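Participant: Okay, so here is target11.cif, and as you'll see once you scroll down, it has mmCIF, C-alpha atoms.
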```cif
data_final
#
loop_
_atom_site.label_atom_id
_atom_site.label_comp_id
_atom_site.auth_asym_id
_atom_site.auth_seq_id
_atom_site.Cartn_x
_atom_site.Cartn_y
_atom_site.Cartn_z
CA MET A 19 16.20 26.46 -17.16
CA SER A 20 14.55 27.87 -14.03
CA GLU A 21 13.16 25.47 -11.43
CA PRO A 22 9.43 24.94 -12.11
CA THR A 23 7.16 26.04 -9.27
CA ILE A 24 3.55 25.47 -8.28
CA ALA A 25 1.63 28.00 -6.19
CA LYS A 26 0.32 26.28 -3.04
CA GLU A 27 -3.02 28.04 -3.36
CA HIS A 28 -3.60 26.04 -6.55
CA ILE A 29 -3.19 22.74 -4.70
CA ASP A 30 -6.33 21.17 -3.24
CA GLN A 31 -6.44 21.73 0.53
CA ASP A 32 -7.53 18.17 1.30
CA ALA A 33 -4.72 16.73 -0.81
CA GLN A 34 -2.30 18.89 1.19
CA LYS A 35 -3.80 17.53 4.43
CA VAL A 36 -3.26 13.94 3.29
CA VAL A 37 0.36 14.57 2.29
CA ARG A 38 1.23 16.46 5.47
CA HIS A 39 -0.38 13.91 7.77
CA LEU A 40 1.57 11.10 6.10
CA VAL A 41 4.83 13.07 6.34
CA ARG A 42 4.19 13.87 10.03
CA ASN A 43 3.95 10.11 10.58
CA ASN A 44 7.37 9.53 8.99
CA PHE A 45 6.20 8.37 5.56
CA GLN A 46 7.24 9.81 2.22
CA ALA A 47 4.28 11.38 0.44
CA TYR A 48 4.04 13.42 -2.76
CA LEU A 49 1.47 14.65 -5.23
CA VAL A 50 1.87 12.56 -8.36
CA GLY A 51 0.82 12.16 -11.98
CA GLY A 52 -1.75 14.16 -13.87
CA CYS A 53 -2.31 16.78 -11.16
CA VAL A 54 1.39 17.69 -11.16
CA ARG A 55 1.46 17.76 -14.96
CA ASP A 56 -1.63 19.98 -15.18
CA LEU A 57 -0.45 22.38 -12.46
CA LEU A 58 2.86 22.84 -14.28
CA LEU A 59 0.93 23.55 -17.50
CA GLY A 60 -1.25 26.14 -15.72
CA ARG A 61 -4.33 23.93 -15.89
CA THR A 62 -6.76 23.15 -13.08
CA PRO A 63 -6.51 19.44 -12.21
CA LYS A 64 -9.70 17.42 -12.10
CA ASP A 65 -8.32 15.16 -9.35
CA PHE A 66 -5.38 15.18 -6.95
CA ASP A 67 -3.53 11.90 -6.39
CA VAL A 68 -0.95 11.08 -3.73
CA ALA A 69 1.88 8.53 -3.81
CA THR A 70 3.41 7.38 -0.54
CA SER A 71 5.75 4.89 1.10
CA ALA A 72 2.87 3.88 3.41
CA THR A 73 1.09 0.64 2.56
CA PRO A 74 -2.68 0.70 1.99
CA SER A 75 -3.32 -0.69 5.48
CA GLU A 76 -0.99 1.92 7.03
CA VAL A 77 -2.86 4.68 5.21
CA ARG A 78 -6.15 3.27 6.50
CA ASP A 79 -4.79 3.27 10.05
CA LEU A 80 -3.92 6.98 9.77
CA PHE A 81 -7.22 8.17 8.27
CA ARG A 82 -10.60 7.26 9.69
CA ASN A 83 -12.17 8.53 6.44
CA CYS A 84 -10.31 5.93 4.36
CA ARG A 85 -11.30 2.80 2.46
CA ILE A 86 -9.14 0.35 0.54
CA ILE A 87 -10.23 -0.61 -2.97
CA GLY A 88 -9.02 -2.81 -5.83
CA ARG A 89 -7.76 -6.32 -6.36
CA ARG A 90 -5.30 -6.01 -9.23
CA PHE A 91 -4.08 -2.71 -7.79
CA ARG A 92 -4.90 -2.11 -4.12
CA LEU A 93 -4.93 1.52 -3.06
CA ALA A 94 -6.47 3.80 -0.45
CA HIS A 95 -9.25 6.32 -1.00
CA VAL A 96 -9.25 9.10 1.58
CA VAL A 97 -12.76 10.56 1.44
CA PHE A 98 -13.71 14.20 2.06
CA GLY A 99 -17.45 14.48 1.42
CA ARG A 100 -17.88 13.80 -2.32
CA LYS A 101 -14.17 14.25 -2.96
CA ILE A 102 -11.68 11.38 -3.01
CA ILE A 103 -7.92 11.77 -2.64
CA GLU A 104 -6.54 8.61 -4.22
CA THR A 105 -3.51 7.51 -2.23
CA ALA A 106 -1.31 4.79 -3.74
CA THR A 107 1.71 3.02 -2.29
CA PHE A 108 4.95 3.33 -4.28
CA ARG A 109 5.08 0.37 -6.68
CA ALA A 110 7.86 -1.35 -8.57
CA ASN A 111 7.27 -2.85 -12.00
CA PRO A 112 6.18 -6.46 -11.28
CA ARG A 113 7.87 -7.57 -14.47
CA GLU A 114 11.25 -6.75 -12.91
CA GLU A 115 10.42 -9.09 -10.04
CA GLU A 116 8.91 -11.89 -12.11
CA GLY A 117 10.87 -11.64 -15.35
CA VAL A 118 9.38 -12.33 -18.78
CA PRO A 119 7.25 -15.50 -18.96
CA GLU A 120 8.30 -18.33 -21.24
CA ASN A 121 5.43 -17.54 -23.61
CA GLY A 122 6.65 -13.95 -23.99
CA ASP A 123 3.36 -12.50 -22.75
CA LEU A 124 4.06 -9.14 -21.08
CA LEU A 125 0.48 -8.34 -20.05
CA ILE A 126 0.50 -7.30 -16.38
CA GLU A 127 -2.17 -9.17 -14.43
CA ARG A 128 -1.33 -7.88 -10.95
CA ASP A 129 0.43 -4.77 -9.70
CA ASN A 130 1.05 -4.95 -5.97
CA VAL A 131 4.85 -5.14 -5.80
CA PHE A 132 5.78 -2.26 -3.49
CA GLY A 133 8.90 -0.22 -4.23
CA THR A 134 10.63 3.14 -3.89
CA ALA A 135 9.53 6.53 -5.19
CA GLU A 136 11.98 6.25 -8.09
CA GLU A 137 10.75 2.75 -8.98
CA ASP A 138 7.19 4.06 -8.82
CA GLY A 139 7.99 6.90 -11.18
CA ARG A 140 9.67 4.58 -13.67
CA ARG A 141 6.79 2.08 -13.77
CA ARG A 142 4.25 4.70 -14.85
CA ASP A 143 3.03 5.00 -18.43
CA PHE A 144 4.28 8.34 -19.81
CA THR A 145 7.05 10.67 -18.69
CA ILE A 146 4.67 13.61 -18.23
CA ASN A 147 2.63 11.42 -15.83
CA GLY A 148 5.71 10.33 -13.86
CA LEU A 149 6.37 13.59 -12.00
CA PHE A 150 6.16 13.97 -8.21
CA TYR A 151 5.68 17.18 -6.25
CA ASP A 152 7.03 17.53 -2.73
CA ILE A 153 4.74 20.12 -1.12
CA ALA A 154 6.88 21.27 1.83
CA PRO A 155 9.95 22.42 -0.14
CA GLY A 156 7.87 23.12 -3.25
CA GLN A 157 10.02 20.84 -5.38
CA VAL A 158 9.27 18.82 -8.53
CA ILE A 159 10.91 15.38 -8.47
CA ASP A 160 11.59 14.04 -11.96
CA TYR A 161 13.13 10.59 -12.40
CA VAL A 162 11.96 10.08 -15.99
CA GLY A 163 12.56 13.24 -18.03
CA GLY A 164 8.97 14.43 -17.76
CA LEU A 165 9.87 18.11 -17.39
CA ALA A 166 11.76 18.08 -20.69
CA ASP A 167 8.84 16.39 -22.45
CA LEU A 168 6.41 18.93 -20.97
CA ALA A 169 8.57 21.69 -22.40
CA GLN A 170 8.65 19.92 -25.78
CA ARG A 171 4.90 19.16 -25.63
CA SER A 172 5.57 15.48 -26.18
CA VAL A 173 3.78 12.31 -25.00
CA ARG A 174 6.51 9.69 -24.57
CA THR A 175 6.45 6.30 -22.86
CA ILE A 176 8.77 5.62 -19.96
CA GLY A 177 11.13 3.02 -21.39
CA ASP A 178 10.64 0.88 -24.50
CA PRO A 179 7.19 1.69 -25.95
CA SER A 180 6.83 -1.81 -27.38
CA ILE A 181 7.18 -3.31 -23.90
CA ARG A 182 5.03 -0.68 -22.18
CA PHE A 183 2.17 -1.07 -24.66
CA ARG A 184 2.31 -4.87 -24.45
CA GLU A 185 2.20 -4.67 -20.65
CA ASP A 186 -1.07 -2.73 -20.96
CA PRO A 187 -2.52 -2.16 -24.46
CA VAL A 188 -4.95 0.49 -23.14
CA ARG A 189 -1.90 2.75 -22.78
CA MET A 190 -2.07 3.27 -26.55
CA LEU A 191 -5.52 4.83 -26.15
CA ARG A 192 -4.26 6.91 -23.24
CA ALA A 193 -1.45 8.25 -25.43
CA VAL A 194 -3.99 9.45 -28.00
CA ARG A 195 -6.22 10.92 -25.29
CA LEU A 196 -3.37 12.81 -23.64
CA ALA A 197 -2.16 14.19 -26.97
CA ALA A 198 -5.70 15.34 -27.83
CA LYS A 199 -6.37 16.84 -24.40
CA LEU A 200 -3.08 18.72 -24.10
CA ARG A 201 -2.58 19.41 -27.81
CA PHE A 202 0.73 17.57 -27.60
CA ARG A 203 2.23 15.15 -30.11
CA ILE A 204 3.08 11.50 -29.48
CA ASP A 205 6.85 11.11 -29.83
CA HIS A 206 8.11 9.29 -32.91
CA GLU A 207 9.33 6.10 -31.21
CA SER A 208 6.04 5.61 -29.33
CA ALA A 209 3.90 6.53 -32.36
CA GLU A 210 5.79 4.05 -34.54
CA GLN A 211 4.81 1.12 -32.29
CA ILE A 212 1.10 1.93 -31.91
CA PRO A 213 -0.21 0.73 -35.34
CA LYS A 214 1.85 -2.48 -34.99
CA LEU A 215 0.43 -3.27 -31.55
CA ALA A 216 -3.14 -2.00 -32.08
CA PRO A 217 -4.57 -5.58 -32.38
CA LEU A 218 -3.59 -6.13 -28.72
CA LEU A 219 -6.55 -3.98 -27.71
CA GLN A 220 -8.58 -7.17 -28.13
CA GLU A 221 -6.87 -8.46 -24.96
CA ALA A 222 -8.24 -5.59 -22.84
CA SER A 223 -11.50 -6.12 -20.97
CA ALA A 224 -14.69 -4.60 -22.35
CA ALA A 225 -15.13 -2.67 -19.10
CA ARG A 226 -11.74 -0.96 -19.43
CA LEU A 227 -12.32 -0.15 -23.11
CA PHE A 228 -15.73 1.30 -22.29
CA GLU A 229 -14.23 3.46 -19.54
CA GLU A 230 -11.47 4.68 -21.86
CA CYS A 231 -14.05 5.48 -24.58
CA LEU A 232 -15.90 7.75 -22.15
CA LYS A 233 -12.65 9.54 -21.31
CA LEU A 234 -11.72 9.85 -24.98
CA PHE A 235 -15.04 11.25 -26.14
CA LEU A 236 -16.73 12.87 -23.14
CA SER A 237 -13.92 15.07 -21.86
CA GLY A 238 -14.23 17.95 -24.31
CA HIS A 239 -11.77 16.78 -26.95
CA ALA A 240 -13.79 14.13 -28.78
CA GLU A 241 -13.00 15.30 -32.32
CA ALA A 242 -9.25 15.50 -31.69
CA SER A 243 -9.35 12.06 -30.01
CA PHE A 244 -11.14 10.50 -32.99
CA LEU A 245 -8.64 12.02 -35.42
CA GLY A 246 -5.83 10.69 -33.22
CA LEU A 247 -7.30 7.18 -33.27
CA GLU A 248 -7.47 7.35 -37.06
CA ALA A 249 -3.97 8.75 -37.45
CA HIS A 250 -2.37 6.10 -35.23
CA GLY A 251 -4.23 3.06 -36.56
CA LEU A 252 -6.29 2.44 -33.43
CA LEU A 253 -9.82 2.98 -34.78
CA ALA A 254 -10.14 -0.58 -36.11
CA GLY A 255 -9.03 -2.00 -32.78
CA LEU A 256 -11.48 0.04 -30.74
CA LEU A 257 -14.47 0.40 -33.11
CA PRO A 258 -13.98 -2.22 -35.86
CA GLU A 259 -17.47 -1.95 -37.41
CA THR A 260 -17.18 1.83 -37.63
CA ALA A 261 -13.71 1.61 -39.18
CA VAL A 262 -14.95 -0.78 -41.89
CA ALA A 263 -18.00 1.38 -42.63
CA LEU A 264 -15.95 4.57 -42.95
CA ALA A 265 -13.39 2.88 -45.20
CA SER A 266 -16.12 1.62 -47.54
CA ASN A 267 -18.00 4.96 -47.72
CA ARG A 268 -16.44 6.53 -50.83
CA SER A 269 -18.22 9.87 -50.54
CA GLY A 270 -16.92 10.48 -47.01
CA ALA A 271 -20.41 11.56 -45.92
CA LEU A 272 -20.46 9.21 -42.92
CA ARG A 273 -17.13 10.48 -41.64
CA ARG A 274 -18.22 14.12 -42.04
CA MET A 275 -21.42 13.40 -40.13
CA LEU A 276 -19.50 11.63 -37.36
CA LEU A 277 -16.98 14.46 -36.97
CA GLU A 278 -19.78 17.03 -36.90
CA GLY A 279 -21.46 15.06 -34.12
CA LEU A 280 -18.20 14.93 -32.15
CA ARG A 281 -17.72 18.69 -32.57
CA ALA A 282 -21.25 19.20 -31.25
CA THR A 283 -20.43 16.94 -28.30
CA ASP A 284 -17.33 19.02 -27.52
CA ALA A 285 -19.42 22.19 -27.71
CA ARG A 286 -21.99 20.80 -25.26
CA ILE A 287 -19.29 19.83 -22.78
CA ALA A 288 -17.63 23.25 -23.12
CA ALA A 289 -21.03 24.80 -22.32
CA ASP A 290 -21.33 22.48 -19.28
CA GLU A 291 -24.30 20.68 -20.83
CA PRO A 292 -24.83 16.92 -20.39
CA VAL A 293 -23.99 14.31 -23.02
CA SER A 294 -25.38 10.80 -22.66
CA PRO A 295 -23.06 7.83 -23.23
CA ALA A 296 -25.97 6.28 -25.13
CA PHE A 297 -25.94 9.20 -27.58
CA LEU A 298 -22.17 8.97 -27.87
CA PHE A 299 -22.23 5.30 -28.87
CA ALA A 300 -25.18 5.82 -31.19
CA LEU A 301 -23.05 8.45 -32.93
CA LEU A 302 -19.90 6.32 -33.03
CA LEU A 303 -21.78 3.29 -34.38
CA TRP A 304 -24.00 5.19 -36.83
CA PRO A 305 -21.69 4.51 -39.82
CA ALA A 306 -21.84 0.76 -39.04
CA TYR A 307 -25.63 0.95 -38.83
CA CYS A 308 -25.86 2.75 -42.17
CA ARG A 309 -23.56 0.25 -43.88
CA THR A 310 -25.47 -2.76 -42.53
CA LEU A 311 -28.81 -1.20 -43.47
CA ALA A 312 -27.66 -0.62 -47.06
CA MET A 313 -26.33 -4.19 -47.35
CA LEU A 314 -29.61 -5.68 -46.08
CA GLN A 315 -31.71 -3.55 -48.41
CA ALA A 316 -29.48 -4.56 -51.32
CA GLN A 317 -30.30 -8.17 -50.44
CA GLY A 318 -34.01 -7.37 -50.79
CA VAL A 319 -34.88 -7.14 -47.09
CA HIS A 320 -37.86 -4.84 -46.48
CA VAL A 321 -36.78 -1.45 -45.12
CA ALA A 322 -38.49 -1.83 -41.71
CA GLU A 323 -36.99 -5.27 -41.16
CA ALA A 324 -33.59 -4.07 -42.42
CA GLU A 325 -33.66 -1.19 -39.93
CA ARG A 326 -34.53 -3.55 -37.10
CA ARG A 327 -31.70 -5.96 -37.95
CA ALA A 328 -29.22 -3.15 -38.46
#
```
As a first step, turn the structure in this file into structure tokens.

Facilitator:
Amino acid sequence: MSEPTIAKEHIDQDAQKVVRHLVRNNFQAYLVGGCVRDLLLGRTPKDFDVATSATPSEVRDLFRNCRIIGRRFRLAHVVFGRKIIETATFRANPREEEGVPENGDLLIERDNVFGTAEEDGRRRDFTINGLFYDIAPGQVIDYVGGLADLAQRSVRTIGDPSIRFREDPVRMLRAVRLAAKLRFRIDHESAEQIPKLAPLLQEASAARLFEECLKLFLSGHAEASFLGLEAHGLLAGLLPETAVALASNRSGALRRMLLEGLRATDARIAADEPVSPAFLFALLLWPAYCRTLAMLQAQGVHVAEAERRA
């Protein structure tokens, strides 16, 4: 197989500046993650991220236009006007440092154990997100088999999917989102674990689930994302009231309405028209509203009052 290449003119100029300035100061620095994946697929990345051997404070010392953010995961934002080049220090998996707790809980609460580039690649979620790109020689660095999975159009966890999903249950939603966005499939071993571990979504914070919902449904592939959630048993974990309402609607009318609304949302985004998160959640929760309304009316509640309660 020929060595994959990325044309430098497709790489954001400010991201190149960050990488080169770090390298000139004797640090390792590479493009990493989704931008490398998308460039190799011929897509235009939304963001460009950098991974480096420099610590957040060392990055801040090199760039006057830099701020450090995060508690659980401290990283540097190098700011160019409205654009941010996210610059993260190579991390190791904290679980390897701490071991498995006595209670067996694998949920990662902090993530500031610095490591090597290879350790950083191996601690990421999916192989296709674990690729580095060294700008100067124009070389893809692949410690995790991401190039093979790109060729096979497969979303596969790095390491045991049961462990990776228990470390961070939101990764299950990311797997569905990536598959929908790229029109890939989730590999069999990862897909097999998702329905078993779906209840762990309850351990994720509401803020993270809200953020992931916006990415799932407001990125132009809402219908495919919804179908992926259904197919992999995640709908009940993310939208339990909707899942119950759809399961109890024998005619399927509520599901057809919901899918039509998601298709319309995708069409608006493709036409570069705005979609409000409020509309999105009204759409996603409409089946639950309809079910509750029908139950209240069946109990003899006046229609206006039933609507208000629903």

Participant: Assuming the chain letters and numbering stay as they are in my file, what does the PyMOL selection byres ((chain A and resi 46) around 8) actually select? List them as a PDB file with C-alpha atoms, keeping the file's coordinate frame.

Facilitator:
```pdb
ATOM      1  CA  LEU A  40       1.570  11.100   6.100  1.00  0.00           C
ATOM      2  CA  VAL A  41       4.830  13.070   6.340  1.00  0.00           C
ATOM      3  CA  ASN A  44       7.370   9.530   8.990  1.00  0.00           C
ATOM      4  CA  PHE A  45       6.200   8.370   5.560  1.00  0.00           C
ATOM      5  CA  ALA A  47       4.280  11.380   0.440  1.00  0.00           C
ATOM      6  CA  TYR A  48       4.040  13.420  -2.760  1.00  0.00           C
ATOM      7  CA  THR A  70       3.410   7.380  -0.540  1.00  0.00           C
ATOM      8  CA  SER A  71       5.750   4.890   1.100  1.00  0.00           C
ATOM      9  CA  ALA A  72       2.870   3.880   3.410  1.00  0.00           C
TER      10      ALA A  72
END
```

Participant: Determine the residue membership of the PyMOL selection byres ((chain A and resi 103) around 9) for the file above and supply it as a PyMOL selection string.

Facilitator: chain A and resi 32-33+36+65-68+94-98+101-102+104-105

Participant: Would you mind telling me which residue in A:Ala25, A:Ala242, A:Val162, A:Leu234 lies nearest to Ala198 in chain A when using all atoms listed in the file?

Facilitator: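 For Ala198 in chain A, the nearest of the given residues is A:Ala242.
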
Participant: Name the closest residue to Leu280 in chain A among the candidates A:Leu236, A:Val319, A:Gly133, A:Thr260; distances are taken between atoms, counting all atoms listed in the file.

Facilitator: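 Smallest distance to Leu280 in chain A is found for A:Leu236.
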
Participant: Go ahead and compute the interatomic distance for CA of Leu227 in chain A and CA of Ala328 in chain A, in Å to one decimal.

Facilitator: 23.0 Å

Participant: Using only C-alpha atoms, can you list as a PyMOL selection string the residues within 12 Å of (1.4, -4.0, -31.7)?

Facilitator: chain A and resi 179-190+208-221+250-252+255

Participant: Could you tell me which residues the PyMOL selection byres ((chain A and resi 243) around 9) grabs in this file, written as a PyMOL selection string?

Facilitator: chain A and resi 194-199+234-235+239-242+244-248

Participant: What is the distance, in Å and to one decimal place, between CA of Thr145 in chain A and CA of Phe202 in chain A?

Facilitator: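 Separation between CA of Thr145 in chain A and CA of Phe202 in chain A: 12.9 Å.
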
Participant: Could you tell me how far CA of Asp205 in chain A lies from CA of Ala222 in chain A, in Å and to one decimal?

Facilitator: 23.6 Å

Participant: Go through A:Ala110, A:Ile153, A:Val173, A:Leu276 and flag the residue nearest Gln31 in chain A, using all atoms listed in the file for the distances.

Facilitator: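 That would be A:Ile153, the residue with the smallest distance to Gln31 in chain A.
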
Participant: Could you tell me which of A:Val50, A:Leu303, A:Ala106, A:Leu277 comes closest to Arg85 in chain A if we count only C-alpha atoms?

Facilitator: A:Ala106

Participant: Have a look at A:Leu314, A:Ala263, A:Leu58, A:Cys231 and name the one nearest to Leu298 in chain A; count all atoms listed in the file.

Facilitator: A:Cys231

Participant: When you count all atoms listed in the file, which of these residues is closest to Lys233 in chain A: A:Arg273, A:Arg192, A:Arg268, A:Arg42?

Facilitator: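 Closest to Lys233 in chain A of all the choices is A:Arg192.
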
Participant: Determine, counting all atoms listed in the file, which protein, DNA and RNA residues have an atom within 9 Å of an atom of Arg327 in chain A; residues of the same chain fewer than 5 positions away are not included. Present the result as a compact mmCIF listing (two decimals) with C-alpha atoms, keeping the file's coordinate frame.

Facilitator:
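Okay, out_12.txt is ready:
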```txt
# COMPACT_ATOMS: atom_id res chain seq x y z
CA THR A 310 -25.47 -2.76 -42.53
CA LEU A 311 -28.81 -1.20 -43.47
CA LEU A 314 -29.61 -5.68 -46.08
CA ALA A 322 -38.49 -1.83 -41.71
```

Participant: Up to 10 Å from (8.3, 4.1, -5.4) in the file's coordinates: name the residues, counting all atoms listed in the file, as a ChimeraX atom specification.

Facilitator: /A:46,69-71,106-111,131-141
